[in-house]
$ cat upload.csv   # CSV, C-alpha atoms
chain,number,residue,atom,x,y,z
A,1,GLN,CA,69.4,152.2,43.8
A,2,ILE,CA,73.0,151.7,45.2
A,3,PHE,CA,73.1,148.2,43.7
A,4,HIS,CA,71.9,149.5,40.3
A,5,ASN,CA,74.5,152.3,40.4
A,6,MET,CA,77.3,149.8,41.2
A,7,ASP,CA,76.1,147.5,38.5
A,8,ARG,CA,75.8,150.2,35.9
A,9,LEU,CA,78.9,152.4,36.7
A,10,PHE,CA,81.4,149.8,38.0
A,11,HIS,CA,80.2,146.6,36.5
A,12,VAL,CA,80.6,144.7,39.7
A,13,LYS,CA,79.6,141.1,40.0
A,14,TYR,CA,79.3,140.8,43.8
A,15,ILE,CA,78.7,143.1,46.7
A,16,ILE,CA,79.5,142.4,50.3
A,17,VAL,CA,77.4,144.5,52.7
A,18,ALA,CA,78.6,144.9,56.3
A,19,THR,CA,76.1,145.2,59.1
A,20,ASN,CA,76.4,148.3,61.2
A,21,HIS,CA,78.2,148.2,64.5
A,22,PHE,CA,77.5,150.0,67.8
A,23,MET,CA,79.4,153.2,68.2
A,24,ASN,CA,79.6,156.3,70.4
A,25,ASN,CA,76.7,158.2,68.7
A,26,ILE,CA,74.2,155.7,70.1
A,27,LYS,CA,72.9,157.4,73.2
A,28,SER,CA,69.5,156.0,73.8
A,29,LEU,CA,67.4,152.8,73.6
A,30,GLN,CA,65.8,154.3,70.6
A,31,ASP,CA,69.2,154.7,68.9
A,32,TRP,CA,69.8,151.0,69.7
A,33,HIS,CA,66.4,150.0,68.2
A,34,ASP,CA,67.2,152.0,65.1
A,35,LEU,CA,70.6,150.2,64.8
A,36,GLU,CA,68.9,146.8,65.0
A,37,ARG,CA,66.3,147.9,62.5
A,38,ILE,CA,69.0,148.9,60.0
A,39,ARG,CA,70.8,145.6,60.6
A,40,THR,CA,67.6,143.7,59.9
A,41,LEU,CA,67.0,145.7,56.8
A,42,VAL,CA,70.5,144.8,55.5
A,43,ARG,CA,69.9,141.1,56.1
A,44,THR,CA,66.5,141.3,54.5
A,45,VAL,CA,67.9,143.0,51.4
A,46,VAL,CA,70.6,140.3,51.2
A,47,GLU,CA,68.2,137.4,51.6
A,48,GLU,CA,65.7,138.8,49.1
A,49,PHE,CA,68.2,139.9,46.5
A,50,PRO,CA,66.9,138.9,43.1
A,51,GLN,CA,68.9,136.6,40.8
A,52,PRO,CA,70.1,139.0,38.1
A,53,ASN,CA,70.0,136.4,35.3
A,54,ASN,CA,66.5,135.3,36.2
A,55,ASN,CA,64.3,137.1,33.8
A,56,ASN,CA,61.3,139.0,35.2
A,57,ASN,CA,57.9,139.1,33.8
A,58,ASN,CA,59.0,141.4,31.0
A,59,ASN,CA,61.9,139.1,30.1
A,60,THR,CA,64.4,141.8,31.0
A,61,LYS,CA,67.4,141.3,33.2
A,62,ILE,CA,67.2,143.1,36.5
A,63,TYR,CA,71.0,143.7,36.5
A,64,GLN,CA,73.5,143.5,33.7
A,65,ASN,CA,76.6,142.5,35.8
A,66,LEU,CA,75.6,142.1,39.4
A,67,GLN,CA,75.2,138.4,40.4
A,68,ASN,CA,74.8,138.3,44.1
A,69,VAL,CA,74.8,140.3,47.4
A,70,VAL,CA,75.9,138.8,50.7
A,71,ALA,CA,76.4,140.1,54.3
A,72,LEU,CA,79.5,140.5,56.4
A,73,GLU,CA,78.2,140.3,60.0
A,74,PHE,CA,80.5,143.1,61.4
A,75,GLY,CA,77.7,144.3,63.8
A,76,TRP,CA,77.4,140.8,65.3
A,77,PHE,CA,81.1,140.5,65.6
A,78,THR,CA,81.6,143.8,67.4
A,79,ASP,CA,78.7,143.1,69.8
A,80,GLN,CA,80.6,140.0,70.9
A,81,ILE,CA,83.8,142.1,71.4
A,82,ILE,CA,81.9,144.4,73.7
A,83,ASP,CA,80.6,141.4,75.6
A,84,ALA,CA,84.1,140.1,76.0
A,85,ASN,CA,85.4,143.4,77.1
A,86,VAL,CA,82.6,143.7,79.7
A,87,GLN,CA,83.6,140.3,81.1
A,88,ALA,CA,87.3,141.1,81.2
A,89,MET,CA,86.9,144.4,83.1
A,90,ASN,CA,84.2,143.0,85.4
A,91,PHE,CA,81.8,145.7,84.3
A,92,PRO,CA,78.8,146.0,86.6
A,93,THR,CA,75.9,145.2,84.2
A,94,ASN,CA,73.5,144.6,87.1
A,95,HIS,CA,71.6,142.1,84.9
A,96,ARG,CA,71.0,144.8,82.3
A,97,SER,CA,70.9,144.0,78.6
A,98,ARG,CA,73.6,145.1,76.2
A,99,GLN,CA,71.3,147.8,74.9
A,100,ASN,CA,71.3,149.3,78.4
A,101,TYR,CA,74.8,149.0,79.8
A,102,THR,CA,76.4,150.2,76.6
A,103,LEU,CA,74.6,153.6,77.2
A,104,ASP,CA,76.9,154.3,80.2
A,105,HIS,CA,79.3,156.8,78.5
A,106,LEU,CA,82.2,159.0,79.6
A,107,ALA,CA,81.3,162.6,80.4
A,108,ASN,CA,79.5,164.2,77.5
A,109,HIS,CA,81.0,167.7,78.1
A,110,CYS,CA,84.5,166.2,77.4
A,111,TYR,CA,83.7,164.9,74.0
A,112,THR,CA,81.6,165.7,70.9
A,113,TRP,CA,80.6,162.1,71.0
A,114,SER,CA,81.6,160.4,74.3
A,115,PRO,CA,82.7,156.8,74.1
A,116,SER,CA,80.8,154.0,75.8
A,117,ILE,CA,82.6,152.7,78.8
A,118,ALA,CA,81.7,149.1,78.1
A,119,MET,CA,83.1,149.5,74.6
A,120,ALA,CA,86.2,151.6,74.9
A,121,CYS,CA,87.5,151.3,78.5
A,122,ALA,CA,89.8,148.6,80.1
A,123,GLN,CA,88.8,149.5,83.6
A,124,VAL,CA,85.5,150.5,85.2
A,125,VAL,CA,85.1,154.2,86.1
A,126,GLU,CA,82.2,156.2,87.5
A,127,LEU,CA,79.1,155.3,85.5
A,128,ASN,CA,77.2,158.6,86.3
A,129,GLY,CA,78.7,160.4,83.3
A,130,THR,CA,81.2,162.4,85.3
A,131,SER,CA,84.5,160.7,84.2
A,132,CYS,CA,86.2,162.3,81.3
A,133,GLN,CA,88.9,159.6,80.9
A,134,CYS,CA,89.4,155.9,81.5
A,135,PRO,CA,92.2,153.4,80.8
A,136,ARG,CA,91.5,152.4,77.2
A,137,ASN,CA,91.5,148.9,75.9
A,138,MET,CA,93.4,147.7,72.9
A,139,LEU,CA,90.3,147.1,70.7
A,140,VAL,CA,88.6,150.5,70.2
A,141,ALA,CA,90.5,153.7,69.4
A,142,ASP,CA,87.8,156.3,70.1
A,143,GLY,CA,84.4,154.7,70.7
A,144,GLN,CA,83.9,154.4,66.9
A,145,HIS,CA,86.9,152.9,65.1
A,146,TYR,CA,88.2,149.5,65.9
A,147,CYS,CA,91.9,148.8,66.1
A,148,MET,CA,92.7,146.7,63.0
A,149,ASN,CA,95.9,145.3,64.5
A,150,GLN,CA,93.7,143.6,67.1
A,151,VAL,CA,90.5,142.6,65.2
A,152,GLY,CA,91.6,142.9,61.6
A,153,ALA,CA,92.8,139.3,61.3
A,154,ARG,CA,89.3,137.9,61.9
A,155,LEU,CA,87.7,140.4,59.5
A,156,ALA,CA,90.3,139.7,56.8
A,157,ALA,CA,89.7,135.9,57.2
A,158,ALA,CA,85.9,136.3,57.0
A,159,MET,CA,86.2,138.6,54.0
A,160,ALA,CA,88.6,136.2,52.2
A,161,TYR,CA,86.4,133.2,52.7
A,162,ILE,CA,83.3,135.1,51.7
A,163,LEU,CA,85.0,136.1,48.5
A,164,LYS,CA,85.9,132.5,47.9
A,165,CYS,CA,82.2,131.6,48.4
A,166,LEU,CA,81.4,134.1,45.7
A,167,VAL,CA,84.0,133.3,43.1
A,168,ASP,CA,83.7,129.5,43.5
A,169,LYS,CA,81.5,128.4,40.6
A,170,ASP,CA,80.6,124.9,42.0
A,171,ASP,CA,77.1,124.3,40.7
A,172,ASP,CA,76.1,121.6,43.1
A,173,THR,CA,72.5,121.7,44.0
A,174,ILE,CA,71.6,123.5,47.2
A,175,GLY,CA,68.1,124.4,48.1
A,176,ASP,CA,64.8,122.7,47.7
A,177,HIS,CA,62.8,122.3,44.6
A,178,HIS,CA,64.1,123.8,41.3
A,179,ASP,CA,63.0,123.9,37.7
A,180,ASP,CA,64.9,122.8,34.5
A,181,HIS,CA,66.6,126.2,34.4
A,182,GLY,CA,68.3,125.8,37.8
A,183,HIS,CA,66.0,128.2,39.6
A,184,ASN,CA,64.7,127.6,43.1
A,185,ASP,CA,61.1,128.2,44.0
A,186,ASP,CA,62.0,131.6,45.4
A,187,GLY,CA,63.5,132.7,42.1
A,188,THR,CA,67.2,132.3,42.9
A,189,THR,CA,69.6,130.0,41.2
A,190,ARG,CA,71.1,127.0,43.0
A,191,ASN,CA,74.5,128.7,42.8
A,192,GLN,CA,73.3,131.9,44.4
A,193,LYS,CA,71.7,130.0,47.2
A,194,ARG,CA,74.9,128.1,47.7
A,195,GLN,CA,76.9,131.3,47.9
A,196,GLN,CA,74.6,132.8,50.5
A,197,GLN,CA,74.7,129.7,52.7
A,198,CYS,CA,78.5,129.6,52.3
A,199,ALA,CA,78.8,133.3,53.3
A,200,ASP,CA,76.6,132.7,56.3
A,201,SER,CA,78.8,129.8,57.4
A,202,CYS,CA,81.9,132.0,57.0
A,203,ASN,CA,80.3,134.6,59.3
A,204,GLN,CA,79.6,131.9,61.9
A,205,ARG,CA,83.1,130.4,61.7
A,206,HIS,CA,85.3,133.5,61.6
A,207,LEU,CA,83.3,136.2,63.3
A,208,SER,CA,82.2,134.2,66.3
A,209,LEU,CA,84.0,134.6,69.6
A,210,GLN,CA,82.2,131.6,71.2
A,211,ASN,CA,85.3,129.6,71.6
A,212,ALA,CA,87.4,132.6,72.8
A,213,LEU,CA,85.1,133.5,75.7
A,214,PRO,CA,84.7,131.8,79.1
A,215,THR,CA,82.0,129.2,79.3
A,216,THR,CA,80.0,131.3,81.8
A,217,THR,CA,78.9,134.9,81.2
A,218,THR,CA,77.5,137.6,83.3
A,219,THR,CA,76.0,139.6,80.5
A,220,THR,CA,72.6,139.4,78.8
A,221,THR,CA,73.1,139.5,75.0
A,222,THR,CA,70.8,140.4,72.2
A,223,SER,CA,69.9,138.1,69.4
A,224,SER,CA,72.3,138.1,66.5
A,225,SER,CA,71.8,137.7,62.8
A,226,THR,CA,73.2,134.2,63.0
A,227,GLU,CA,70.6,133.3,65.6
A,228,ARG,CA,67.7,133.5,63.3
$ encode --input "upload.csv" --output "structure tokens"
Amino acid sequence: QIFHNMDRLFHVKYIIVATNHFMNNIKSLQDWHDLERIRTLVRTVVEEFPQPNNNNNNNTKIYQNLQNVVALEFGWFTDQIIDANVQAMNFPTNHRSRQNYTLDHLANHCYTWSPSIAMACAQVVELNGTSCQCPRNMLVADGQHYCMNQVGARLAAAMAYILKCLVDKDDDTIGDHHDDHGHNDDGTTRNQKRQQQCADSCNQRHLSLQNALPTTTTTTTTSSSTER
């Protein structure tokens, strides 16, 4: 419905959907599972987005203006930032997964939504929920909002290159079998498939911290969208 409203009201051609990031209102494993479910839903919507100019069985356009939807993997990017912060502060993960060690928060009675220590702190404090404060890192302002003067450059680069993927009208064939109208077997045009693959490559290139982290790690990470 959102896509239809954007198409009808604002006549947009392209939509970039950012995957959700971990924040201080995630207090339980169930909250983490819900976050992963939403991320998966976003990726599925993007991957299954119909080609608007491909007529359906009624020979009616699905959208009048909207041509493609792609993902900005902000959630995957910020998961890596948390991992990097955990390594930098020697956070005691005790072989726990990210879904577990990020649930160690500052004292709940000091905040409406207390920040995760692994996310917002620069030094380890008591993990039993009794510490109200910690020395903060330069990446997260409050357990929810990231500091754009630190992480904004990568986001801007990823967004710029994804936009280039979308506006570049190179019609080289990408995909498998296609018919005489330029449609792949899954109903998308070659150009739409190319744009989606290009956007995925941009996420890998500009939102990956692989080359910025030590070669060894003490954390156990979850699977990311780009690991699918």
$ atom_distance --input "upload.csv" --atom1 "CA of Ile16 in chain A" --atom2 "CA of Met119 in chain A"
25.6 Å
$ closest_residue --input "upload.csv" --among "A:His33, A:Phe49, A:Ile162, A:Leu139" --to "Gln67 in chain A" --atoms "only C-alpha atoms"
A:Phe49
$ atom_distance --input "upload.csv" --atom1 "CA of Ile82 in chain A" --atom2 "CA of Ala118 in chain A"
6.4 Å
$ closest_residue --input "upload.csv" --among "A:Arg98, A:Ser201, A:Val45, A:Tyr63" --to "Val12 in chain A" --atoms "all atoms listed in the file"
A:Tyr63
$ closest_residue --input "upload.csv" --among "A:Cys165, A:Val151, A:Ala18, A:Ala199" --to "Phe74 in chain A" --atoms "all atoms listed in the file"
A:Ala18
$ closest_residue --input "upload.csv" --among "A:Ala107, A:Thr189, A:Pro92, A:Ile15" --to "Ile2 in chain A" --atoms "only C-alpha atoms"
A:Ile15
$ residues_near_point --input "upload.csv" --point "(70.3, 150.2, 39.6)" --cutoff "12 Å" --atoms "all atoms listed in the file" --output "PDB file with C-alpha atoms, keeping the file's coordinate frame"
ATOM      1  CA  GLN A   1      69.400 152.200  43.800  1.00  0.00           C
ATOM      2  CA  ILE A   2      73.000 151.700  45.200  1.00  0.00           C
ATOM      3  CA  PHE A   3      73.100 148.200  43.700  1.00  0.00           C
ATOM      4  CA  HIS A   4      71.900 149.500  40.300  1.00  0.00           C
ATOM      5  CA  ASN A   5      74.500 152.300  40.400  1.00  0.00           C
ATOM      6  CA  MET A   6      77.300 149.800  41.200  1.00  0.00           C
ATOM      7  CA  ASP A   7      76.100 147.500  38.500  1.00  0.00           C
ATOM      8  CA  ARG A   8      75.800 150.200  35.900  1.00  0.00           C
ATOM      9  CA  LEU A   9      78.900 152.400  36.700  1.00  0.00           C
ATOM     10  CA  PHE A  10      81.400 149.800  38.000  1.00  0.00           C
ATOM     11  CA  HIS A  11      80.200 146.600  36.500  1.00  0.00           C
ATOM     12  CA  VAL A  12      80.600 144.700  39.700  1.00  0.00           C
ATOM     13  CA  PRO A  52      70.100 139.000  38.100  1.00  0.00           C
ATOM     14  CA  LYS A  61      67.400 141.300  33.200  1.00  0.00           C
ATOM     15  CA  ILE A  62      67.200 143.100  36.500  1.00  0.00           C
ATOM     16  CA  TYR A  63      71.000 143.700  36.500  1.00  0.00           C
ATOM     17  CA  GLN A  64      73.500 143.500  33.700  1.00  0.00           C
ATOM     18  CA  ASN A  65      76.600 142.500  35.800  1.00  0.00           C
ATOM     19  CA  LEU A  66      75.600 142.100  39.400  1.00  0.00           C
TER      20      LEU A  66
END
$ residues_near_point --input "upload.csv" --point "(77.3, 148.7, 64.4)" --cutoff "9 Å" --atoms "all atoms listed in the file" --output "list in words"
Thr19, Asn20, His21, Phe22, Met23, Leu35, Glu36, Arg39, Phe74, Gly75, Trp76, Thr78 and Asp79 of chain A
$ write_last_selection --input "upload.csv" --atoms "C-alpha atoms" --output "PDB file, keeping the file's coordinate frame"
ATOM      1  CA  THR A  19      76.100 145.200  59.100  1.00  0.00           C
ATOM      2  CA  ASN A  20      76.400 148.300  61.200  1.00  0.00           C
ATOM      3  CA  HIS A  21      78.200 148.200  64.500  1.00  0.00           C
ATOM      4  CA  PHE A  22      77.500 150.000  67.800  1.00  0.00           C
ATOM      5  CA  MET A  23      79.400 153.200  68.200  1.00  0.00           C
ATOM      6  CA  LEU A  35      70.600 150.200  64.800  1.00  0.00           C
ATOM      7  CA  GLU A  36      68.900 146.800  65.000  1.00  0.00           C
ATOM      8  CA  ARG A  39      70.800 145.600  60.600  1.00  0.00           C
ATOM      9  CA  PHE A  74      80.500 143.100  61.400  1.00  0.00           C
ATOM     10  CA  GLY A  75      77.700 144.300  63.800  1.00  0.00           C
ATOM     11  CA  TRP A  76      77.400 140.800  65.300  1.00  0.00           C
ATOM     12  CA  THR A  78      81.600 143.800  67.400  1.00  0.00           C
ATOM     13  CA  ASP A  79      78.700 143.100  69.800  1.00  0.00           C
TER      14      ASP A  79
END
$ closest_residue --input "upload.csv" --among "A:Asn203, A:Gln192, A:Gln197, A:Asn149" --to "Tyr161 in chain A" --atoms "all atoms listed in the file"
A:Asn203
